[in-house]
Amino acid sequence: MTFGLIRRFLCAAAATCLLLWSSPVDAAEVLQVRSGTLLQIGDRNRTYSVQLACVVVDPADDAEAVDWIRKQLPRRSKVNLRPTGSADGVLIAHINHLDGQGNHDLGAELIESGLASSSGSC
């Protein structure tokens, strides 16, 4: 019986340590920019195709938009996703760049840069 109590205490202490001293929640990371509105995002064990919500990029501006996004979000940049839906297996979400200076909505910044326009559905 004493062994059982010691074991429970050690398990509880280990769980408390994990909760108190674990690293902050790992954000998703940019793995690839596929187009001006489509990115490959990954977390520890999954990858997602994510389309920027509320953003439309003119096909003529797509290459420039891809370059702009790659400069804003280099590979392995930490991001936070705010999903709005999905279509054909692609997650549609607002993507926030977590750069230590606050959250930056990638779609809104892309629109502000003049490389995209609002889809009107948001």
# chains A, B, ... in the order shown; residues from 1 in each chain; ligands from 1
>>> residues_around(residues="stretch 89-97 of chain A", least_positions_apart="4", cutoff="8 Å", atoms="only C-alpha atoms", output="PyMOL selection string")
chain A and resi 48-53+73+77-85+103-107
>>> residues_around(residues="A:Gln32", least_positions_apart="6", cutoff="8 Å", atoms="only C-alpha atoms", output="PyMOL selection string")
chain A and resi 39-41+75
>>> closest_residue(among="A:Leu115, A:Val56, A:Ile69, A:Ala63", to="A:Val30", atoms="only C-alpha atoms")
A:Ile69
>>> residues_around(residues="A:Gly36", least_positions_apart="4", cutoff="8 Å", atoms="only C-alpha atoms", output="ChimeraX atom specification")
/A:57,62-66,69
>>> closest_residue(among="A:Arg34, A:Glu29, A:Arg46, A:Cys54", to="A:Ile111", atoms="only C-alpha atoms")
A:Cys54
>>> decode(residues="stretch 72-119 of chain A", atoms="N, CA and C atoms", output="PDB file, in the first residue's frame")
ATOM      1  N   GLN A  72       7.790  37.884 -45.840  1.00  0.00           N
ATOM      2  CA  GLN A  72       7.120  38.086 -44.560  1.00  0.00           C
ATOM      3  C   GLN A  72       7.186  36.848 -43.679  1.00  0.00           C
ATOM      4  N   LEU A  73       7.069  35.679 -44.301  1.00  0.00           N
ATOM      5  CA  LEU A  73       7.034  34.412 -43.565  1.00  0.00           C
ATOM      6  C   LEU A  73       8.051  33.441 -44.148  1.00  0.00           C
ATOM      7  N   PRO A  74       9.316  33.595 -43.808  1.00  0.00           N
ATOM      8  CA  PRO A  74      10.299  32.610 -44.278  1.00  0.00           C
ATOM      9  C   PRO A  74       9.943  31.216 -43.748  1.00  0.00           C
ATOM     10  N   ARG A  75      10.479  30.219 -44.380  1.00  0.00           N
ATOM     11  CA  ARG A  75      10.228  28.849 -43.952  1.00  0.00           C
ATOM     12  C   ARG A  75      10.517  28.695 -42.466  1.00  0.00           C
ATOM     13  N   ARG A  76       9.665  27.972 -41.773  1.00  0.00           N
ATOM     14  CA  ARG A  76       9.714  27.712 -40.327  1.00  0.00           C
ATOM     15  C   ARG A  76       9.251  28.887 -39.467  1.00  0.00           C
ATOM     16  N   SER A  77       8.697  29.924 -40.084  1.00  0.00           N
ATOM     17  CA  SER A  77       8.115  31.020 -39.296  1.00  0.00           C
ATOM     18  C   SER A  77       6.928  30.484 -38.512  1.00  0.00           C
ATOM     19  N   LYS A  78       6.792  30.943 -37.298  1.00  0.00           N
ATOM     20  CA  LYS A  78       5.683  30.523 -36.439  1.00  0.00           C
ATOM     21  C   LYS A  78       4.429  31.313 -36.803  1.00  0.00           C
ATOM     22  N   VAL A  79       3.327  30.597 -36.930  1.00  0.00           N
ATOM     23  CA  VAL A  79       2.057  31.225 -37.257  1.00  0.00           C
ATOM     24  C   VAL A  79       0.947  30.639 -36.396  1.00  0.00           C
ATOM     25  N   ASN A  80      -0.125  31.388 -36.314  1.00  0.00           N
ATOM     26  CA  ASN A  80      -1.323  30.957 -35.621  1.00  0.00           C
ATOM     27  C   ASN A  80      -2.446  30.956 -36.638  1.00  0.00           C
ATOM     28  N   LEU A  81      -3.244  29.914 -36.657  1.00  0.00           N
ATOM     29  CA  LEU A  81      -4.342  29.801 -37.611  1.00  0.00           C
ATOM     30  C   LEU A  81      -5.667  30.084 -36.928  1.00  0.00           C
ATOM     31  N   ARG A  82      -6.514  30.868 -37.599  1.00  0.00           N
ATOM     32  CA  ARG A  82      -7.884  31.103 -37.144  1.00  0.00           C
ATOM     33  C   ARG A  82      -8.816  30.627 -38.242  1.00  0.00           C
ATOM     34  N   PRO A  83      -9.208  29.352 -38.206  1.00  0.00           N
ATOM     35  CA  PRO A  83     -10.001  28.761 -39.289  1.00  0.00           C
ATOM     36  C   PRO A  83     -11.369  29.424 -39.444  1.00  0.00           C
ATOM     37  N   THR A  84     -11.781  29.526 -40.703  1.00  0.00           N
ATOM     38  CA  THR A  84     -13.126  30.019 -41.014  1.00  0.00           C
ATOM     39  C   THR A  84     -13.942  28.976 -41.753  1.00  0.00           C
ATOM     40  N   GLY A  85     -13.294  27.917 -42.206  1.00  0.00           N
ATOM     41  CA  GLY A  85     -14.001  26.869 -42.921  1.00  0.00           C
ATOM     42  C   GLY A  85     -13.034  25.993 -43.681  1.00  0.00           C
ATOM     43  N   SER A  86     -13.587  25.218 -44.612  1.00  0.00           N
ATOM     44  CA  SER A  86     -12.753  24.381 -45.466  1.00  0.00           C
ATOM     45  C   SER A  86     -13.484  24.148 -46.775  1.00  0.00           C
ATOM     46  N   ALA A  87     -12.716  23.856 -47.812  1.00  0.00           N
ATOM     47  CA  ALA A  87     -13.282  23.553 -49.119  1.00  0.00           C
ATOM     48  C   ALA A  87     -12.350  22.601 -49.844  1.00  0.00           C
ATOM     49  N   ASP A  88     -12.883  21.500 -50.315  1.00  0.00           N
ATOM     50  CA  ASP A  88     -12.115  20.513 -51.074  1.00  0.00           C
ATOM     51  C   ASP A  88     -10.855  20.059 -50.345  1.00  0.00           C
ATOM     52  N   GLY A  89     -10.940  19.868 -49.046  1.00  0.00           N
ATOM     53  CA  GLY A  89      -9.812  19.383 -48.259  1.00  0.00           C
ATOM     54  C   GLY A  89      -8.779  20.438 -47.915  1.00  0.00           C
ATOM     55  N   VAL A  90      -9.071  21.697 -48.220  1.00  0.00           N
ATOM     56  CA  VAL A  90      -8.150  22.790 -47.917  1.00  0.00           C
ATOM     57  C   VAL A  90      -8.756  23.611 -46.786  1.00  0.00           C
ATOM     58  N   LEU A  91      -7.980  23.846 -45.751  1.00  0.00           N
ATOM     59  CA  LEU A  91      -8.417  24.658 -44.632  1.00  0.00           C
ATOM     60  C   LEU A  91      -8.396  26.123 -45.053  1.00  0.00           C
ATOM     61  N   ILE A  92      -9.461  26.842 -44.773  1.00  0.00           N
ATOM     62  CA  ILE A  92      -9.521  28.277 -45.049  1.00  0.00           C
ATOM     63  C   ILE A  92      -9.395  28.974 -43.703  1.00  0.00           C
ATOM     64  N   ALA A  93      -8.380  29.859 -43.590  1.00  0.00           N
ATOM     65  CA  ALA A  93      -8.111  30.447 -42.283  1.00  0.00           C
ATOM     66  C   ALA A  93      -7.408  31.792 -42.421  1.00  0.00           C
ATOM     67  N   HIS A  94      -7.556  32.588 -41.378  1.00  0.00           N
ATOM     68  CA  HIS A  94      -6.734  33.781 -41.213  1.00  0.00           C
ATOM     69  C   HIS A  94      -5.416  33.276 -40.640  1.00  0.00           C
ATOM     70  N   ILE A  95      -4.307  33.761 -41.167  1.00  0.00           N
ATOM     71  CA  ILE A  95      -2.996  33.340 -40.707  1.00  0.00           C
ATOM     72  C   ILE A  95      -2.338  34.528 -40.024  1.00  0.00           C
ATOM     73  N   ASN A  96      -2.008  34.357 -38.757  1.00  0.00           N
ATOM     74  CA  ASN A  96      -1.331  35.404 -37.987  1.00  0.00           C
ATOM     75  C   ASN A  96       0.127  35.038 -37.803  1.00  0.00           C
ATOM     76  N   HIS A  97       1.001  35.954 -38.184  1.00  0.00           N
ATOM     77  CA  HIS A  97       2.442  35.769 -38.028  1.00  0.00           C
ATOM     78  C   HIS A  97       2.810  36.108 -36.590  1.00  0.00           C
ATOM     79  N   LEU A  98       3.429  35.183 -35.904  1.00  0.00           N
ATOM     80  CA  LEU A  98       3.846  35.386 -34.522  1.00  0.00           C
ATOM     81  C   LEU A  98       5.326  35.730 -34.521  1.00  0.00           C
ATOM     82  N   ASP A  99       5.626  37.009 -34.571  1.00  0.00           N
ATOM     83  CA  ASP A  99       7.023  37.422 -34.688  1.00  0.00           C
ATOM     84  C   ASP A  99       7.564  38.083 -33.431  1.00  0.00           C
ATOM     85  N   GLY A 100       6.837  38.002 -32.344  1.00  0.00           N
ATOM     86  CA  GLY A 100       7.295  38.610 -31.105  1.00  0.00           C
ATOM     87  C   GLY A 100       6.919  40.074 -30.977  1.00  0.00           C
ATOM     88  N   GLN A 101       6.400  40.664 -32.033  1.00  0.00           N
ATOM     89  CA  GLN A 101       5.988  42.067 -31.995  1.00  0.00           C
ATOM     90  C   GLN A 101       4.474  42.183 -32.113  1.00  0.00           C
ATOM     91  N   GLY A 102       3.772  41.139 -31.782  1.00  0.00           N
ATOM     92  CA  GLY A 102       2.324  41.127 -31.889  1.00  0.00           C
ATOM     93  C   GLY A 102       1.885  40.227 -33.021  1.00  0.00           C
ATOM     94  N   ASN A 103       0.611  40.039 -33.135  1.00  0.00           N
ATOM     95  CA  ASN A 103       0.057  39.213 -34.199  1.00  0.00           C
ATOM     96  C   ASN A 103      -0.179  40.073 -35.432  1.00  0.00           C
ATOM     97  N   HIS A 104       0.255  39.563 -36.569  1.00  0.00           N
ATOM     98  CA  HIS A 104       0.060  40.265 -37.824  1.00  0.00           C
ATOM     99  C   HIS A 104      -0.772  39.386 -38.739  1.00  0.00           C
ATOM    100  N   ASP A 105      -1.945  39.858 -39.151  1.00  0.00           N
ATOM    101  CA  ASP A 105      -2.806  39.106 -40.057  1.00  0.00           C
ATOM    102  C   ASP A 105      -2.211  39.186 -41.457  1.00  0.00           C
ATOM    103  N   LEU A 106      -1.758  38.064 -41.970  1.00  0.00           N
ATOM    104  CA  LEU A 106      -1.095  38.015 -43.263  1.00  0.00           C
ATOM    105  C   LEU A 106      -2.005  38.490 -44.385  1.00  0.00           C
ATOM    106  N   GLY A 107      -3.263  38.075 -44.375  1.00  0.00           N
ATOM    107  CA  GLY A 107      -4.194  38.478 -45.425  1.00  0.00           C
ATOM    108  C   GLY A 107      -4.421  39.976 -45.454  1.00  0.00           C
ATOM    109  N   ALA A 108      -4.619  40.585 -44.290  1.00  0.00           N
ATOM    110  CA  ALA A 108      -4.837  42.034 -44.217  1.00  0.00           C
ATOM    111  C   ALA A 108      -3.597  42.783 -44.699  1.00  0.00           C
ATOM    112  N   GLU A 109      -2.419  42.296 -44.337  1.00  0.00           N
ATOM    113  CA  GLU A 109      -1.189  42.951 -44.776  1.00  0.00           C
ATOM    114  C   GLU A 109      -0.970  42.789 -46.281  1.00  0.00           C
ATOM    115  N   LEU A 110      -1.377  41.654 -46.829  1.00  0.00           N
ATOM    116  CA  LEU A 110      -1.270  41.432 -48.266  1.00  0.00           C
ATOM    117  C   LEU A 110      -2.191  42.390 -49.023  1.00  0.00           C
ATOM    118  N   ILE A 111      -3.380  42.615 -48.483  1.00  0.00           N
ATOM    119  CA  ILE A 111      -4.314  43.562 -49.083  1.00  0.00           C
ATOM    120  C   ILE A 111      -3.755  44.981 -48.989  1.00  0.00           C
ATOM    121  N   GLU A 112      -3.210  45.334 -47.818  1.00  0.00           N
ATOM    122  CA  GLU A 112      -2.613  46.672 -47.626  1.00  0.00           C
ATOM    123  C   GLU A 112      -1.443  46.919 -48.577  1.00  0.00           C
ATOM    124  N   SER A 113      -0.722  45.868 -48.920  1.00  0.00           N
ATOM    125  CA  SER A 113       0.426  46.020 -49.818  1.00  0.00           C
ATOM    126  C   SER A 113      -0.007  46.244 -51.268  1.00  0.00           C
ATOM    127  N   GLY A 114      -1.285  46.040 -51.561  1.00  0.00           N
ATOM    128  CA  GLY A 114      -1.802  46.250 -52.905  1.00  0.00           C
ATOM    129  C   GLY A 114      -1.689  45.041 -53.801  1.00  0.00           C
ATOM    130  N   LEU A 115      -1.257  43.897 -53.269  1.00  0.00           N
ATOM    131  CA  LEU A 115      -1.101  42.695 -54.070  1.00  0.00           C
ATOM    132  C   LEU A 115      -2.337  41.808 -54.063  1.00  0.00           C
ATOM    133  N   ALA A 116      -3.313  42.169 -53.257  1.00  0.00           N
ATOM    134  CA  ALA A 116      -4.536  41.365 -53.166  1.00  0.00           C
ATOM    135  C   ALA A 116      -5.705  42.297 -52.875  1.00  0.00           C
ATOM    136  N   SER A 117      -6.883  41.719 -52.978  1.00  0.00           N
ATOM    137  CA  SER A 117      -8.087  42.465 -52.620  1.00  0.00           C
ATOM    138  C   SER A 117      -8.942  41.601 -51.704  1.00  0.00           C
ATOM    139  N   SER A 118      -9.854  42.225 -51.019  1.00  0.00           N
ATOM    140  CA  SER A 118     -10.752  41.493 -50.123  1.00  0.00           C
ATOM    141  C   SER A 118     -11.771  40.719 -50.964  1.00  0.00           C
ATOM    142  N   SER A 119     -12.087  39.525 -50.534  1.00  0.00           N
ATOM    143  CA  SER A 119     -13.026  38.694 -51.295  1.00  0.00           C
ATOM    144  C   SER A 119     -14.459  39.179 -51.143  1.00  0.00           C
TER     145      SER A 119
END
